[in-house]
Amino acid sequence: MKTIGVLTSGGDAPGMNAAVRSVVRAALKKGMKVYGIRRGYCGLIDGDIVEMDEMSVSGTIHRGGTMLYTARSAEFRTAEGMQTAKENCEKFGLEGIVVIGGDGSFRGAADLSSLGIPCVGLPGTIDNDIACTEYTIGYDTAMNTAMELIDKLQDTSQSHDRCSVVEVMGRGAGFIAVNTAVACGAIEVITKEVPYDLDKIAKKMLECKKNGKQNFIIVVAESIGNASEIAKLIQEKTGIESRATVLGHVQRGGSPTVRDRVVASEMGYYAVELLEQGIGNRVVGIQDNKIVDFDIQEALSMKKPYDLRLHQIAEDIAFF
Ligand code: F6P
């Protein structure tokens, strides 16, 4: 291939810029032309496509968000939208595209590949909910952000002898929740993957209180939702004043951690190597610390196991 495009799609994630930078620089190094497609598949339909050079990605590796902007495109899911996108690929001479995003973005990449534009997906989402990879770009930064914020809640909870019920992101998955719960010493983590019983949690809290514990953190996954309702019930059942905090989109921002920058750079480079060989319809991932790739359909059909052992550890090493 001589000319490729790169886009970011779906929810943004810290490290997306590092991935774009790697794709651009790797492609240029190999003598290819590379275009940035803005606002994901929306830009592919609208022709919002610009040629990138070495300087276009300069000074971006440490920045959160995505310099290419992002969007979720409903139009791209229609036959007309796909056709316009294909025509724009032809107009700009795009022979392949690197798509950085989550599951939804990969479905678009598979469709485009079947229309004759080979695409390679890079897993970019804070949720780490892509089954073919042990790690997604943005996950580490988001967890560190959540951890820092929960640490701050711990300070104020300690001062007031309170319980903080904190909702973290993760869409349908409890990966951010269980890891931050361990990292912050939460008394409990509530995710949809493991049944929970608020009466049992209340009993445990009261026993802890008897043993001298003054403040409590309960981490709730977004898939459970309702942090306010849980805080209200915990207060009713224990008499311990409780507050709910939803961390929300702040978890998606910020300068990427070392891990996110390095993984994004490695994956971006690998994606260009695949396209260089004319290989498309693949998703890049990490397995046992090695960069690997899968057929997109196969990747989308995989199920990612929840870490039940870490969930158990979170509960077993909490104060009791
Ligand atoms: O996939 C990333 C994510 O931040 C999820 O954790 C969350 O459920 C969703 O995106 C929020 O999406 P939006 O930014 O469209 O509100």
# chains A, B, ... in the order shown; residues from 1 in each chain; ligands from 1

call {"tool": "select_by_dssp", "arguments": {"residues": "segment 2-134 of chain A", "states": "strand (DSSP E)", "output": "PyMOL selection string"}}
result
chain A and resi 3-8+33-37+49-51+96-101+119-123

call {"tool": "residues_near_ligand", "arguments": {"ligand": "ligand 1", "cutoff": "10 Å", "atoms": "only C-alpha atoms and all ligand atoms", "output": "PyMOL selection string"}}
result
chain A and resi 10-13+71-72+101-104+124-129+138-139+142+168-174+176+221-223+248-253

call {"tool": "write_last_selection", "arguments": {"atoms": "N, CA and C atoms", "output": "short mmCIF file (atom, residue, chain, number, x, y, z; two decimals), in the first residue's frame"}}
result
data_model
loop_
_atom_site.label_atom_id
_atom_site.label_comp_id
_atom_site.auth_asym_id
_atom_site.auth_seq_id
_atom_site.Cartn_x
_atom_site.Cartn_y
_atom_site.Cartn_z
N GLY A 10 -15.71 6.43 18.34
CA GLY A 10 -16.30 6.05 19.63
C GLY A 10 -15.80 6.96 20.74
N GLY A 11 -15.89 6.50 21.99
CA GLY A 11 -15.42 7.31 23.12
C GLY A 11 -13.92 7.52 23.04
N ASP A 12 -13.46 8.73 23.35
CA ASP A 12 -12.01 8.96 23.30
C ASP A 12 -11.33 8.24 24.47
N ALA A 13 -10.02 8.09 24.35
CA ALA A 13 -9.26 7.42 25.41
C ALA A 13 -7.85 7.98 25.41
N ALA A 71 -16.26 10.54 16.97
CA ALA A 71 -17.73 10.60 16.92
C ALA A 71 -18.27 9.19 16.84
N ARG A 72 -19.56 9.06 17.13
CA ARG A 72 -20.25 7.79 16.87
C ARG A 72 -21.18 8.09 15.69
N GLY A 101 -10.42 2.49 18.17
CA GLY A 101 -11.68 2.63 18.89
C GLY A 101 -12.06 1.33 19.57
N GLY A 102 -13.36 1.16 19.83
CA GLY A 102 -13.84 -0.03 20.53
C GLY A 102 -14.61 -0.96 19.60
N ASP A 103 -15.38 -1.85 20.21
CA ASP A 103 -16.13 -2.88 19.46
C ASP A 103 -16.95 -2.31 18.30
N GLY A 104 -17.70 -1.22 18.58
CA GLY A 104 -18.57 -0.61 17.57
C GLY A 104 -17.75 -0.15 16.38
N GLY A 124 -8.90 1.00 21.37
CA GLY A 124 -8.76 2.26 22.11
C GLY A 124 -10.03 2.51 22.89
N THR A 125 -10.02 2.17 24.14
CA THR A 125 -11.16 2.43 25.03
C THR A 125 -10.71 2.30 26.46
N ILE A 126 -11.22 3.15 27.33
CA ILE A 126 -10.82 3.05 28.75
C ILE A 126 -11.40 1.80 29.40
N ASP A 127 -12.42 1.18 28.77
CA ASP A 127 -13.17 0.11 29.45
C ASP A 127 -12.44 -1.24 29.52
N ASN A 128 -11.45 -1.43 28.69
CA ASN A 128 -10.72 -2.71 28.56
C ASN A 128 -11.68 -3.88 28.29
N ASP A 129 -12.74 -3.61 27.57
CA ASP A 129 -13.77 -4.63 27.36
C ASP A 129 -13.68 -5.30 25.99
N GLY A 138 -5.71 3.38 26.90
CA GLY A 138 -6.49 4.31 27.73
C GLY A 138 -6.89 3.74 29.08
N TYR A 139 -6.85 2.42 29.19
CA TYR A 139 -7.32 1.74 30.41
C TYR A 139 -6.48 2.13 31.63
N ALA A 142 -7.04 5.78 32.73
CA ALA A 142 -8.36 5.97 33.35
C ALA A 142 -8.38 5.40 34.76
N VAL A 168 -17.70 4.22 38.96
CA VAL A 168 -16.66 4.37 37.93
C VAL A 168 -17.19 3.89 36.59
N MET A 169 -16.55 4.34 35.50
CA MET A 169 -16.99 3.95 34.16
C MET A 169 -16.61 2.50 33.84
N GLY A 170 -16.96 2.08 32.65
CA GLY A 170 -16.61 0.72 32.21
C GLY A 170 -17.66 0.14 31.29
N ARG A 171 -18.66 0.97 30.95
CA ARG A 171 -19.79 0.50 30.14
C ARG A 171 -20.36 -0.76 30.78
N GLY A 172 -20.37 -1.92 30.07
CA GLY A 172 -20.98 -3.13 30.65
C GLY A 172 -20.02 -3.94 31.52
N ALA A 173 -18.79 -3.48 31.65
CA ALA A 173 -17.78 -4.34 32.30
C ALA A 173 -17.24 -3.75 33.60
N GLY A 174 -16.85 -4.64 34.52
CA GLY A 174 -16.40 -4.18 35.84
C GLY A 174 -14.90 -4.13 36.00
N ILE A 176 -12.57 -1.70 35.38
CA ILE A 176 -12.05 -0.50 36.06
C ILE A 176 -12.46 -0.57 37.54
N ALA A 221 -19.59 -0.33 39.78
CA ALA A 221 -19.40 -0.24 38.33
C ALA A 221 -20.59 0.47 37.69
N GLU A 222 -20.29 1.18 36.62
CA GLU A 222 -21.33 1.90 35.87
C GLU A 222 -22.47 0.98 35.44
N SER A 223 -22.15 -0.29 35.16
CA SER A 223 -23.18 -1.23 34.70
C SER A 223 -24.22 -1.49 35.78
N GLY A 248 -17.63 9.81 36.29
CA GLY A 248 -18.01 10.27 34.94
C GLY A 248 -16.84 10.50 33.99
N HIS A 249 -17.05 11.45 33.09
CA HIS A 249 -16.13 11.62 31.94
C HIS A 249 -14.74 12.11 32.30
N VAL A 250 -14.55 12.57 33.52
CA VAL A 250 -13.21 12.99 33.92
C VAL A 250 -12.23 11.81 33.75
N GLN A 251 -12.78 10.58 33.84
CA GLN A 251 -11.93 9.38 33.68
C GLN A 251 -11.40 9.23 32.26
N ARG A 252 -12.00 9.93 31.31
CA ARG A 252 -11.57 9.77 29.91
C ARG A 252 -10.47 10.77 29.52
N GLY A 253 -10.22 11.74 30.40
CA GLY A 253 -9.26 12.77 30.02
C GLY A 253 -7.89 12.53 30.64
#

call {"tool": "closest_residue", "arguments": {"among": "A:Ser9, A:Ser56, A:Thr141, A:Asn226", "to": "Arg39 of chain A", "atoms": "only C-alpha atoms"}}
result
A:Ser9

call {"tool": "closest_residue", "arguments": {"among": "A:Ala109, A:Ala227, A:Leu44, A:Leu206", "to": "Val165 of chain A", "atoms": "only C-alpha atoms"}}
result
A:Ala227

call {"tool": "residues_around", "arguments": {"residues": "Ile117 of chain A", "least_positions_apart": "6", "cutoff": "8 Å", "atoms": "only C-alpha atoms", "output": "PyMOL selection string"}}
result
chain A and resi 86+89+94-97+280

call {"tool": "residues_around", "arguments": {"residues": "Asp111 of chain A", "least_positions_apart": "6", "cutoff": "12 Å", "atoms": "only C-alpha atoms", "output": "list in words"}}
result
Tyr41, Phe76, Arg77, Thr78, Ala79, Gly81, Met82, Gln83, Ala85, Lys86, Gly104, Ser105, Ile117, Pro118, Cys119, Val120, Gly280, Asn281, Arg282, Ile296 and Gln297 of chain A

call {"tool": "closest_residue", "arguments": {"among": "A:Ile100, A:Ala18, A:Ala299, A:Leu153", "to": "Ser58 of chain A", "atoms": "only C-alpha atoms"}}
result
A:Ala18

call {"tool": "closest_residue", "arguments": {"among": "A:Val57, A:Val258, A:Ala19, A:Ala202", "to": "Ser242 of chain A", "atoms": "only C-alpha atoms"}}
result
A:Ala202

call {"tool": "closest_residue", "arguments": {"among": "A:Gln214, A:Ser228, A:Thr8, A:Thr3", "to": "Ile240 of chain A", "atoms": "only C-alpha atoms"}}
result
A:Gln214

call {"tool": "select_by_dssp", "arguments": {"residues": "segment 37-121 of chain A", "states": "helix (DSSP H, G or I)", "output": "tab-separated table (two decimals) with all heavy atoms, in the first residue's frame"}}
result
chain	number	residue	atom	x	y	z
A	40	GLY	N	-13.95	10.45	13.18
A	40	GLY	CA	-14.24	9.04	12.90
A	40	GLY	C	-14.91	8.83	11.55
A	40	GLY	O	-14.58	9.45	10.55
A	41	TYR	N	-15.90	7.92	11.56
A	41	TYR	CA	-16.56	7.58	10.30
A	41	TYR	C	-17.37	8.76	9.75
A	41	TYR	O	-17.63	8.82	8.55
A	41	TYR	CB	-17.47	6.36	10.49
A	41	TYR	CG	-16.70	5.09	10.81
A	41	TYR	CD1	-16.80	4.47	12.05
A	41	TYR	CD2	-15.84	4.53	9.87
A	41	TYR	CE1	-16.09	3.31	12.34
A	41	TYR	CE2	-15.11	3.38	10.15
A	41	TYR	CZ	-15.24	2.77	11.39
A	41	TYR	OH	-14.52	1.64	11.66
A	42	CYS	N	-17.73	9.72	10.60
A	42	CYS	CA	-18.44	10.91	10.12
A	42	CYS	C	-17.55	11.65	9.12
A	42	CYS	O	-18.00	12.09	8.05
A	42	CYS	CB	-18.79	11.87	11.26
A	42	CYS	SG	-20.00	11.21	12.38
A	43	GLY	N	-16.26	11.76	9.46
A	43	GLY	CA	-15.32	12.48	8.59
A	43	GLY	C	-15.07	11.74	7.30
A	43	GLY	O	-14.80	12.35	6.26
A	44	LEU	N	-15.18	10.40	7.37
A	44	LEU	CA	-14.98	9.61	6.15
A	44	LEU	C	-16.14	9.86	5.19
A	44	LEU	O	-15.96	9.91	3.97
A	44	LEU	CB	-14.90	8.12	6.53
A	44	LEU	CG	-14.25	7.18	5.54
A	44	LEU	CD1	-12.85	7.64	5.15
A	44	LEU	CD2	-14.18	5.76	6.11
A	45	ILE	N	-17.32	10.04	5.75
A	45	ILE	CA	-18.50	10.31	4.91
A	45	ILE	C	-18.47	11.76	4.39
A	45	ILE	O	-18.78	12.03	3.23
A	45	ILE	CB	-19.80	10.04	5.72
A	45	ILE	CG1	-19.92	8.54	5.99
A	45	ILE	CG2	-21.04	10.55	4.98
A	45	ILE	CD1	-21.03	8.16	6.95
A	46	ASP	N	-18.08	12.69	5.29
A	46	ASP	CA	-18.08	14.11	4.90
A	46	ASP	C	-16.84	14.52	4.10
A	46	ASP	O	-16.74	15.67	3.64
A	46	ASP	CB	-18.13	15.01	6.15
A	46	ASP	CG	-19.39	14.76	6.95
A	46	ASP	OD1	-20.33	14.18	6.38
A	46	ASP	OD2	-19.41	15.11	8.15
A	54	GLU	N	5.13	14.74	9.31
A	54	GLU	CA	5.77	14.47	10.61
A	54	GLU	C	5.38	15.49	11.66
A	54	GLU	O	5.21	15.17	12.83
A	54	GLU	CB	7.28	14.47	10.43
A	54	GLU	CG	7.78	13.15	9.90
A	54	GLU	CD	9.29	13.12	9.79
A	54	GLU	OE1	9.95	13.57	10.74
A	54	GLU	OE2	9.77	12.65	8.75
A	55	MET	N	5.27	16.75	11.22
A	55	MET	CA	4.97	17.81	12.18
A	55	MET	C	3.51	17.78	12.66
A	55	MET	O	3.20	18.29	13.73
A	55	MET	CB	5.27	19.19	11.55
A	55	MET	CG	6.72	19.60	11.66
A	55	MET	SD	7.41	19.41	13.31
A	55	MET	CE	6.57	20.74	14.17
A	56	SER	N	2.61	17.18	11.86
A	56	SER	CA	1.19	17.17	12.26
A	56	SER	C	0.99	16.49	13.61
A	56	SER	O	0.02	16.76	14.30
A	56	SER	CB	0.32	16.42	11.27
A	56	SER	OG	0.73	16.54	9.97
A	57	VAL	N	1.88	15.55	13.95
A	57	VAL	CA	1.69	14.81	15.20
A	57	VAL	C	2.72	15.21	16.25
A	57	VAL	O	2.80	14.59	17.31
A	57	VAL	CB	1.75	13.29	14.93
A	57	VAL	CG1	0.51	12.83	14.17
A	57	VAL	CG2	3.01	12.90	14.18
A	75	GLU	N	-24.95	7.39	10.54
A	75	GLU	CA	-25.05	7.34	9.07
A	75	GLU	C	-24.17	6.24	8.47
A	75	GLU	O	-24.52	5.62	7.46
A	75	GLU	CB	-24.64	8.71	8.51
A	75	GLU	CG	-25.14	8.94	7.11
A	75	GLU	CD	-24.62	10.25	6.51
A	75	GLU	OE1	-24.10	11.11	7.26
A	75	GLU	OE2	-24.72	10.40	5.29
A	76	PHE	N	-23.04	6.01	9.13
A	76	PHE	CA	-22.10	5.01	8.59
A	76	PHE	C	-22.71	3.61	8.61
A	76	PHE	O	-22.29	2.73	7.87
A	76	PHE	CB	-20.79	5.04	9.41
A	76	PHE	CG	-19.71	4.20	8.82
A	76	PHE	CD1	-19.10	4.55	7.63
A	76	PHE	CD2	-19.30	3.04	9.45
A	76	PHE	CE1	-18.10	3.76	7.08
A	76	PHE	CE2	-18.30	2.24	8.92
A	76	PHE	CZ	-17.70	2.61	7.72
A	77	ARG	N	-23.73	3.43	9.49
A	77	ARG	CA	-24.36	2.10	9.57
A	77	ARG	C	-25.37	1.88	8.43
A	77	ARG	O	-25.93	0.81	8.29
A	77	ARG	CB	-25.03	1.93	10.94
A	77	ARG	CG	-23.99	1.66	12.02
A	77	ARG	CD	-24.60	1.44	13.38
A	77	ARG	NE	-23.89	2.23	14.38
A	77	ARG	CZ	-24.42	3.13	15.17
A	77	ARG	NH1	-25.72	3.37	15.13
A	77	ARG	NH2	-23.68	3.80	16.01
A	79	ALA	N	-26.46	1.76	4.27
A	79	ALA	CA	-25.80	1.37	3.01
A	79	ALA	C	-25.29	2.62	2.27
A	79	ALA	O	-24.18	2.62	1.72
A	79	ALA	CB	-26.78	0.59	2.14
A	80	GLU	N	-26.10	3.71	2.31
A	80	GLU	CA	-25.69	4.94	1.59
A	80	GLU	C	-24.44	5.53	2.25
A	80	GLU	O	-23.51	5.96	1.56
A	80	GLU	CB	-26.80	6.01	1.64
A	80	GLU	CG	-28.11	5.63	0.97
A	80	GLU	CD	-28.94	4.68	1.84
A	80	GLU	OE1	-29.03	4.91	3.07
A	80	GLU	OE2	-29.48	3.70	1.30
A	81	GLY	N	-24.44	5.55	3.59
A	81	GLY	CA	-23.29	6.10	4.32
A	81	GLY	C	-22.03	5.34	3.99
A	81	GLY	O	-20.97	5.93	3.71
A	82	MET	N	-22.13	4.01	3.96
A	82	MET	CA	-20.97	3.16	3.66
A	82	MET	C	-20.46	3.43	2.24
A	82	MET	O	-19.26	3.50	1.99
A	82	MET	CB	-21.37	1.68	3.74
A	82	MET	CG	-21.69	1.19	5.12
A	82	MET	SD	-20.21	0.79	6.05
A	82	MET	CE	-19.52	-0.44	5.03
A	83	GLN	N	-21.44	3.59	1.33
A	83	GLN	CA	-21.07	3.81	-0.07
A	83	GLN	C	-20.31	5.14	-0.22
A	83	GLN	O	-19.28	5.22	-0.88
A	83	GLN	CB	-22.35	3.79	-0.94
A	83	GLN	CG	-22.11	3.85	-2.43
A	83	GLN	CD	-21.12	2.78	-2.94
A	83	GLN	OE1	-21.06	1.66	-2.42
A	83	GLN	NE2	-20.31	3.14	-3.93
A	84	THR	N	-20.85	6.19	0.46
A	84	THR	CA	-20.17	7.50	0.39
A	84	THR	C	-18.76	7.40	0.99
A	84	THR	O	-17.80	7.97	0.45
A	84	THR	CB	-20.98	8.57	1.17
A	84	THR	OG1	-22.34	8.46	0.79
A	84	THR	CG2	-20.48	9.97	0.93
A	85	ALA	N	-18.65	6.66	2.10
A	85	ALA	CA	-17.34	6.49	2.74
A	85	ALA	C	-16.37	5.81	1.77
A	85	ALA	O	-15.21	6.23	1.62
A	85	ALA	CB	-17.49	5.66	4.01
A	86	LYS	N	-16.87	4.79	1.10
A	86	LYS	CA	-16.02	4.06	0.14
A	86	LYS	C	-15.57	4.99	-1.00
A	86	LYS	O	-14.39	5.00	-1.40
A	86	LYS	CB	-16.80	2.87	-0.43
A	86	LYS	CG	-15.93	1.99	-1.28
A	86	LYS	CD	-16.68	0.83	-1.87
A	86	LYS	CE	-15.72	0.05	-2.73
A	86	LYS	NZ	-16.22	-0.27	-4.03
A	87	GLU	N	-16.53	5.79	-1.48
A	87	GLU	CA	-16.19	6.72	-2.58
A	87	GLU	C	-15.12	7.73	-2.14
A	87	GLU	O	-14.21	8.07	-2.90
A	87	GLU	CB	-17.44	7.45	-3.05
A	87	GLU	CG	-18.31	6.56	-3.95
A	87	GLU	CD	-19.73	7.10	-4.10
A	87	GLU	OE1	-19.98	8.29	-3.80
A	87	GLU	OE2	-20.59	6.30	-4.48
A	88	ASN	N	-15.23	8.18	-0.88
A	88	ASN	CA	-14.23	9.12	-0.39
A	88	ASN	C	-12.86	8.46	-0.25
A	88	ASN	O	-11.83	9.10	-0.48
A	88	ASN	CB	-14.66	9.74	0.94
A	88	ASN	CG	-15.55	10.95	0.71
A	88	ASN	OD1	-15.40	11.64	-0.30
A	88	ASN	ND2	-16.47	11.21	1.62
A	89	CYS	N	-12.85	7.19	0.12
A	89	CYS	CA	-11.56	6.46	0.19
A	89	CYS	C	-10.93	6.48	-1.20
A	89	CYS	O	-9.72	6.73	-1.35
A	89	CYS	CB	-11.77	5.01	0.63
A	89	CYS	SG	-12.21	4.84	2.36
A	90	GLU	N	-11.76	6.21	-2.22
A	90	GLU	CA	-11.23	6.19	-3.59
A	90	GLU	C	-10.75	7.58	-4.00
A	90	GLU	O	-9.68	7.74	-4.59
A	90	GLU	CB	-12.30	5.66	-4.55
A	90	GLU	CG	-12.46	4.15	-4.43
A	90	GLU	CD	-13.82	3.62	-4.88
A	90	GLU	OE1	-14.63	4.42	-5.43
A	90	GLU	OE2	-14.07	2.43	-4.67
A	91	LYS	N	-11.56	8.60	-3.64
A	91	LYS	CA	-11.21	9.98	-4.02
A	91	LYS	C	-9.84	10.39	-3.44
A	91	LYS	O	-9.04	11.03	-4.12
A	91	LYS	CB	-12.31	10.91	-3.50
A	91	LYS	CG	-12.15	12.35	-3.85
A	91	LYS	CD	-13.42	13.12	-3.50
A	91	LYS	CE	-13.08	14.56	-3.20
A	91	LYS	NZ	-14.17	15.21	-2.45
A	92	PHE	N	-9.61	10.00	-2.17
A	92	PHE	CA	-8.35	10.40	-1.53
A	92	PHE	C	-7.24	9.35	-1.75
A	92	PHE	O	-6.14	9.50	-1.23
A	92	PHE	CB	-8.55	10.64	-0.03
A	92	PHE	CG	-9.27	11.93	0.27
A	92	PHE	CD1	-10.66	11.99	0.25
A	92	PHE	CD2	-8.57	13.10	0.53
A	92	PHE	CE1	-11.33	13.18	0.52
A	92	PHE	CE2	-9.22	14.30	0.78
A	92	PHE	CZ	-10.61	14.34	0.77
A	103	ASP	N	-15.38	-1.85	20.21
A	103	ASP	CA	-16.13	-2.88	19.46
A	103	ASP	C	-16.95	-2.31	18.30
A	103	ASP	O	-16.94	-2.83	17.19
A	103	ASP	CB	-17.09	-3.60	20.39
A	103	ASP	CG	-16.38	-4.70	21.16
A	103	ASP	OD1	-15.18	-4.91	20.92
A	103	ASP	OD2	-17.05	-5.32	22.00
A	104	GLY	N	-17.70	-1.22	18.58
A	104	GLY	CA	-18.57	-0.61	17.57
A	104	GLY	C	-17.75	-0.15	16.38
A	104	GLY	O	-18.14	-0.33	15.22
A	105	SER	N	-16.60	0.43	16.66
A	105	SER	CA	-15.72	0.93	15.59
A	105	SER	C	-15.19	-0.23	14.76
A	105	SER	O	-14.99	-0.10	13.54
A	105	SER	CB	-14.54	1.70	16.19
A	105	SER	OG	-15.00	2.60	17.16
A	106	PHE	N	-14.96	-1.37	15.40
A	106	PHE	CA	-14.43	-2.53	14.67
A	106	PHE	C	-15.48	-3.12	13.73
A	106	PHE	O	-15.14	-3.65	12.68
A	106	PHE	CB	-13.92	-3.61	15.63
A	106	PHE	CG	-12.76	-3.15	16.49
A	106	PHE	CD1	-12.42	-3.81	17.65
A	106	PHE	CD2	-11.99	-2.06	16.12
A	106	PHE	CE1	-11.36	-3.39	18.43
A	106	PHE	CE2	-10.93	-1.62	16.89
A	106	PHE	CZ	-10.62	-2.29	18.05
A	107	ARG	N	-16.76	-3.03	14.15
A	107	ARG	CA	-17.81	-3.50	13.24
A	107	ARG	C	-17.76	-2.69	11.94
A	107	ARG	O	-17.86	-3.23	10.84
A	107	ARG	CB	-19.19	-3.37	13.90
A	107	ARG	CG	-19.47	-4.58	14.71
A	107	ARG	CD	-20.80	-4.63	15.41
A	107	ARG	NE	-20.58	-5.45	16.60
A	107	ARG	CZ	-20.51	-5.00	17.84
A	107	ARG	NH1	-20.72	-3.74	18.09
A	107	ARG	NH2	-20.24	-5.82	18.83
A	108	GLY	N	-17.59	-1.38	12.08
A	108	GLY	CA	-17.46	-0.51	10.89
A	108	GLY	C	-16.24	-0.88	10.07
A	108	GLY	O	-16.28	-0.91	8.84
A	109	ALA	N	-15.14	-1.22	10.77
A	109	ALA	CA	-13.90	-1.59	10.07
A	109	ALA	C	-14.09	-2.88	9.28
A	109	ALA	O	-13.57	-3.03	8.17
A	109	ALA	CB	-12.76	-1.74	11.08
A	110	ALA	N	-14.86	-3.81	9.86
A	110	ALA	CA	-15.13	-5.08	9.16
A	110	ALA	C	-15.96	-4.81	7.91
A	110	ALA	O	-15.69	-5.36	6.83
A	110	ALA	CB	-15.85	-6.05	10.09
A	111	ASP	N	-16.99	-3.97	8.05
A	111	ASP	CA	-17.86	-3.65	6.91
A	111	ASP	C	-17.06	-3.00	5.78
A	111	ASP	O	-17.20	-3.35	4.61
A	111	ASP	CB	-18.98	-2.69	7.33
A	111	ASP	CG	-19.96	-3.37	8.27
A	111	ASP	OD1	-19.93	-4.62	8.33
A	111	ASP	OD2	-20.73	-2.67	8.94
A	112	LEU	N	-16.21	-2.06	6.17
A	112	LEU	CA	-15.41	-1.36	5.17
A	112	LEU	C	-14.42	-2.33	4.49
A	112	LEU	O	-14.21	-2.27	3.27
A	112	LEU	CB	-14.64	-0.23	5.87
A	112	LEU	CG	-14.39	1.04	5.09
A	112	LEU	CD1	-15.64	1.63	4.53
A	112	LEU	CD2	-13.72	2.08	5.99
A	113	SER	N	-13.86	-3.23	5.28
A	113	SER	CA	-12.94	-4.23	4.71
A	113	SER	C	-13.67	-5.08	3.69
A	113	SER	O	-13.12	-5.39	2.62
A	113	SER	CB	-12.37	-5.15	5.81
A	113	SER	OG	-11.61	-4.41	6.74
A	114	SER	N	-14.94	-5.42	4.01
A	114	SER	CA	-15.67	-6.28	3.06
A	114	SER	C	-16.02	-5.51	1.78
A	114	SER	O	-16.29	-6.11	0.74
A	114	SER	CB	-16.94	-6.86	3.71
A	114	SER	OG	-17.84	-5.81	3.95

call {"tool": "residues_around", "arguments": {"residues": "Ala181 of chain A", "least_positions_apart": "4", "cutoff": "9 Å", "atoms": "only C-alpha atoms", "output": "PyMOL selection string"}}
result
chain A and resi 147+176-177+185-189+217-220+311+314

call {"tool": "write_last_selection", "arguments": {"atoms": "all heavy atoms", "output": "compact mmCIF listing (two decimals), in the first residue's frame"}}
result
# COMPACT_ATOMS: atom_id res chain seq x y z
N MET A 147 -8.34 6.20 40.54
CA MET A 147 -7.68 5.94 41.83
C MET A 147 -7.35 7.25 42.56
O MET A 147 -7.64 7.40 43.76
CB MET A 147 -6.39 5.14 41.59
CG MET A 147 -5.64 4.80 42.85
SD MET A 147 -4.04 4.07 42.48
CE MET A 147 -3.12 5.50 41.92
N ILE A 176 -12.57 -1.70 35.38
CA ILE A 176 -12.05 -0.50 36.06
C ILE A 176 -12.46 -0.57 37.54
O ILE A 176 -11.67 -0.28 38.44
CB ILE A 176 -12.60 0.80 35.41
CG1 ILE A 176 -12.10 0.93 33.97
CG2 ILE A 176 -12.20 2.03 36.22
CD1 ILE A 176 -12.60 2.17 33.23
N ALA A 177 -13.69 -1.02 37.78
CA ALA A 177 -14.20 -1.05 39.16
C ALA A 177 -13.37 -1.96 40.05
O ALA A 177 -12.92 -1.55 41.14
CB ALA A 177 -15.67 -1.49 39.15
N GLY A 185 -8.26 0.25 48.36
CA GLY A 185 -8.62 -0.37 49.63
C GLY A 185 -10.10 -0.24 49.93
O GLY A 185 -10.49 -0.04 51.09
N ALA A 186 -10.93 -0.34 48.90
CA ALA A 186 -12.38 -0.21 49.13
C ALA A 186 -12.89 -1.37 49.99
O ALA A 186 -12.35 -2.47 49.94
CB ALA A 186 -13.10 -0.21 47.78
N ILE A 187 -13.93 -1.09 50.76
CA ILE A 187 -14.52 -2.14 51.60
C ILE A 187 -15.30 -3.12 50.74
O ILE A 187 -15.46 -4.29 51.08
CB ILE A 187 -15.44 -1.50 52.69
CG1 ILE A 187 -15.87 -2.54 53.73
CG2 ILE A 187 -16.66 -0.84 52.10
CD1 ILE A 187 -14.84 -2.81 54.75
N GLU A 188 -15.74 -2.65 49.58
CA GLU A 188 -16.58 -3.49 48.73
C GLU A 188 -16.51 -3.01 47.29
O GLU A 188 -16.37 -1.81 47.04
CB GLU A 188 -18.04 -3.39 49.23
CG GLU A 188 -18.99 -4.36 48.63
CD GLU A 188 -18.71 -5.83 48.97
OE1 GLU A 188 -18.46 -6.14 50.15
OE2 GLU A 188 -18.72 -6.63 48.04
N VAL A 189 -16.63 -3.95 46.36
CA VAL A 189 -16.76 -3.58 44.95
C VAL A 189 -18.02 -4.25 44.43
O VAL A 189 -18.26 -5.43 44.69
CB VAL A 189 -15.51 -3.96 44.12
CG1 VAL A 189 -15.14 -5.43 44.25
CG2 VAL A 189 -15.72 -3.62 42.65
N ILE A 217 -15.16 3.09 51.60
CA ILE A 217 -15.31 3.34 50.16
C ILE A 217 -15.98 2.11 49.55
O ILE A 217 -15.54 0.98 49.77
CB ILE A 217 -13.93 3.53 49.49
CG1 ILE A 217 -13.16 4.73 50.06
CG2 ILE A 217 -14.07 3.63 47.97
CD1 ILE A 217 -13.64 6.08 49.64
N ILE A 218 -17.03 2.35 48.82
CA ILE A 218 -17.64 1.27 48.03
C ILE A 218 -17.54 1.68 46.56
O ILE A 218 -18.01 2.75 46.18
CB ILE A 218 -19.12 1.05 48.41
CG1 ILE A 218 -19.24 0.64 49.88
CG2 ILE A 218 -19.78 0.02 47.49
CD1 ILE A 218 -20.67 0.48 50.37
N VAL A 219 -16.89 0.86 45.76
CA VAL A 219 -16.77 1.17 44.32
C VAL A 219 -17.88 0.42 43.57
O VAL A 219 -18.05 -0.80 43.75
CB VAL A 219 -15.38 0.76 43.76
CG1 VAL A 219 -15.31 1.03 42.25
CG2 VAL A 219 -14.28 1.53 44.49
N VAL A 220 -18.62 1.18 42.78
CA VAL A 220 -19.73 0.59 42.02
C VAL A 220 -19.44 0.76 40.53
O VAL A 220 -19.10 1.85 40.07
CB VAL A 220 -21.05 1.33 42.35
CG1 VAL A 220 -22.22 0.73 41.57
CG2 VAL A 220 -21.33 1.27 43.83
N HIS A 311 -11.63 -9.98 42.19
CA HIS A 311 -12.83 -9.56 42.93
C HIS A 311 -12.80 -10.17 44.34
O HIS A 311 -13.06 -9.48 45.33
CB HIS A 311 -14.09 -10.03 42.17
CG HIS A 311 -15.34 -9.37 42.64
ND1 HIS A 311 -15.99 -8.41 41.90
CD2 HIS A 311 -16.06 -9.52 43.77
CE1 HIS A 311 -17.06 -8.00 42.56
NE2 HIS A 311 -17.13 -8.67 43.70
N ALA A 314 -10.21 -8.44 46.40
CA ALA A 314 -10.70 -7.13 46.85
C ALA A 314 -11.51 -7.29 48.13
O ALA A 314 -11.37 -6.52 49.09
CB ALA A 314 -11.56 -6.49 45.76
